[in-house]
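All remarks here apply to the structure that follows.
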Amino acid sequence: MFRHASLCLIVLLALAAVSTARDFLPLPDWRFHYGDAPAAATDFDDAAWPTVRIPHDWSWEMGPRKDGAQRDKGGFRVGGIGWYRAAFELPADWSDRHVTVDFDAAYRHARVWINGHDLGMRPYGFISFQHDLTPFLVPGRNVLAVRCDNSQEPSARWYHPCGLFAPVKLVATDATSRFMRDGAFVTTPEISADSALVRIAAEIAGADGLACRVEILDPAGKSVASREIPALPRISADFTDPAPALWSPESPSLYRARLSLVRAGKSVDDVEIPFGIRTISWDRATGFSLNGRVTKLRGVCEHLAGGPVGGEWTEPLLEWKLGLLKSMGCNAIRTAHNPQIPAFYDLCDRLGILVMDEIFDGWKRKAPFDYGALDFDQWWRRDVTAWVRRDRNHPCIVIRSVGNETEGDVAKDLVALCHQLDPTRLVTSGHSGSEEMDVFGVNGNSESTTFMAGGPFDKPFVATEAPHTWQVRGFYKTKTWYRDGFPNARQKPYEIPDLTPREIFTNAFLAPANMANEKQIFLSSYDNATVRISARQNWQLARDTPWFSGHFRWTGFDYPGEAGFVHGGFPFHAFAGGALDFAGFRKDLFYFYQSQWTAAPMVHLLPHWTHPRMPAGTLIPVQAYSNAEEVELLLDGKSLGIRKPGRDWATMQCQWMVPWKSGTMTAIARSGGLEVCRTTQATAGPPAKIGIRADVSHAGFPIVTLRTLDARGRLYPYGENRIFCRTDGPATVLSFESGHPADPEPPFAATGRRAFMGLSRIFLRGGENPRETRLTVGAILGERRQLTSDLAAIAVRRIALDGSPVPADFAIHYTLDGSPPDAGSPRYTAPFPVPTTCTVRAVALENGEPALAMEETFGPKLGLHWATAEEIAAAAPAATGLEAEDAKSTNGEVSTAGDGFSGTGFLDFRSREGQVAFYQENDGPAGPATLVIRYAHTDPKRRRPMEIELNGTKIATISFPPTANWDQDWQTVEIPCQLRPGANALLLKTTGQSAPNLDRVIFR
């Protein structure tokens, strides 16, 4: 379950004979135990505990489980309690120094001991914190112990990591004199075209008799200015740079400030602070400006756990993630809805990505056991202070956000504290305490058709969370889908016309009979699956409205969690709102933004051109995203016409209606009459090969992309065969990910994974020398449902992690009856037919020894579902109702008797008293709504009334007229109500006459 490290757990500090002024020692390797234990004492025996390497996220490593404590909010991952222990030897020359242990983050309620001494607890799982070890250190062996308590779940509205998911290090400084932690603050109060004033302030402990030496280095490392001044508890020094290199996303120029405390000519402490010279301003009429130039925020919201590794983000993998967003043209990220780890901000500084730095989701309860419910009131001042001081030197941060879809009188105090600690940045929120904010931040309400009529506002405006659109990579529907239906008086959505009069695509994730509810569907990549607005419509508004500072779409990457509200729950474990999926594969939406946000010539075609059940001649909408002047589309070399991308949302994509036939689609993009780029989509045959490509550009973390190909090397876009892998050498599998939002197999250390829409990706750890590790991959390939072919092919390949092929002579043997193959089984030489329903097993032998074992199943109901005409005709749009059987209830029993209920059952109180609690997320504005309760009962004497509470306030007592049947005749009652933005808690309580059978509730 957990990763074992080969390094010794007791760390020997290899210090030079003369220590530097400030020493750091990373603590990457810890003993770990899942579960509680009396493990604080120094002499506790942890020898049986496995060794794990930080960053470590036990919840992600254990994978989704249907009964996972985080429930649908956290992608059905576990919580629980985890212990970490690390021993280290203290050298003699540290015995008279000040030593702290610094945690970049630990989720959550992290209590720390050193040598059995309790140092205290930090509740918030996303904040950096430190403890002073000095009074408790002993010569020789010392033991740190950390207990992370995630026993109360769900503790967030999305997936959260568990444990020490960020770096931990020891810091040694002078015993009496040092720079205070996060006490240095670099500002640039005056900037002109030919000069910049740089002001450096710092807080010093034990300053008496010392001097402070300050030096500024420009981006090339050249000294710009230096000075030595007397040390005081608080110092400030001004410097002038006569030729400043301004920091921006296009040119992220970073300076460094070096500060040294000097005693008798010798440095006793030193710090180095990267910073940038740039100006930021916000204006109600013109929006956001950077360095005096109006700049639209082309942003995404990004959860820390978005992507393939849960909370186990190393700096190289973070750079990979941020690099993908930057290549899309993204210039800004909102840290939804909590601070990121320190490495994130360092990378945004270096890469040139603007940041809206957000600290809290809610100021009150939004999940049952979240920070807002348990810890906010006691801890927010301390956590805000730590957050602002830690991050205020980063030029990437251009605004702070203190809340998301929440409320409370604390808003004014939050803003005031941010201003006190950092007067250089304004403060906003995701539509929380807006009257107290410097900048008016709005989430989903900014997407409604009526919102724009209210602007410009009395303060600058930014769309903090828009647009909300969903798409599953490689999946298409031509009929527009709205989460809450269209038209919708509460959401006031924009109209997005259907692409065809009737739906032409028939594949689906599940057959209707296998769906737990009608939400368990895949959503289209045509930019026609939304709540209120399309990505194209939203970008047009942001681009063309002067007072619209820009937007942060929901989201950059798909992320684990929030799997119930839109996606219907298990096996869905992820939220598919990203421009990139879990594995970092680009969705069509990625290329839309690239066409609008980048200048390097590009063109992208959608959909793919492999449609095994499509009747010949069916008109298919073919679209091209491009930033060129024009695009010509060809089918098998014959031109279908030239289109010019427009500025209006409906023409941002070039579109042709193309009669279906197999062949090759080619899009040629031209500017100035010359071709600048081209792309193709070709009809693929059944899977027959594995394409493999290695990327070793992220030091120590190779990434291998696997593609399911046909015999001609074309991507088979429905590929879902299981690919098996084996590593030989120092690198190990960190994550084997496909991007499938409803495949609950744990990706950590996996030796096999089903491809999703033809693709999968292996993320490895420990490949510092890629040639030292060999990767063997193999699969039994074919159409599992045998849509066009009953042939199976077996492919096995081996490479070194630098991508070079490794010679291998495999003898592949297989069976068709599910029995284990051996050297006496038939030998594979060419694709072979398989029965309609069967299990094929294969083994690749090398020098007579098994090198890789493989297995695949074939059958008419396996894999992607292909709907019948009757199923398509009967399909109803997904609804956002809340199923009673999934709610938290007292004395309500889940029943599946009867007929006509939605979801997987209903609640039957069996004539007992009880209650049922629902959670409704409102990503739109506060305002009137209608609560619809679907019920059934045939009690002839009583109407089984229930008291209705919304957000702790009684809004009605409702009687339920009898229906014709207890469990088949479902009727509804309606109650007017007022929804608040963000979290809404609904409670239905009996009043002495029990309750009807409850099926679901819907807010309209």
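Residues are referred to by chain and number: the chain letter is A, B, ... according to the order shown in the structure tokens, the number counts from 1 in that chain, and ligands are numbered separately from 1 in the order shown.
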
Task: strand (DSSP E) call set, DSSP backbone run, region 308-550 of chain A, as a PyMOL selection string - done: chain A and resi 332-334+354-358+397-404+427-430+440-442+461-463+481-482+507-508+529-530+548-550

Open item on the list: So that I can check the surroundings of region 961-976 of chain A, please list as number ranges by chain every protein, DNA and RNA residue that reaches within 12 Å of it, counting only C-alpha atoms and ignoring chain neighbours fewer than 6 positions away.
Closed with: A: 895-902, 905-910, 927-950, 954-955, 995-1004

- [ ] For Ala145 (chain A), please output as an MDAnalysis selection string all residues within 8 Å (counting only C-alpha atoms; exclusion window: fewer than 2 positions along the same chain).
- [x] chainID A and resid 39:40 83:86 112:114 143 147
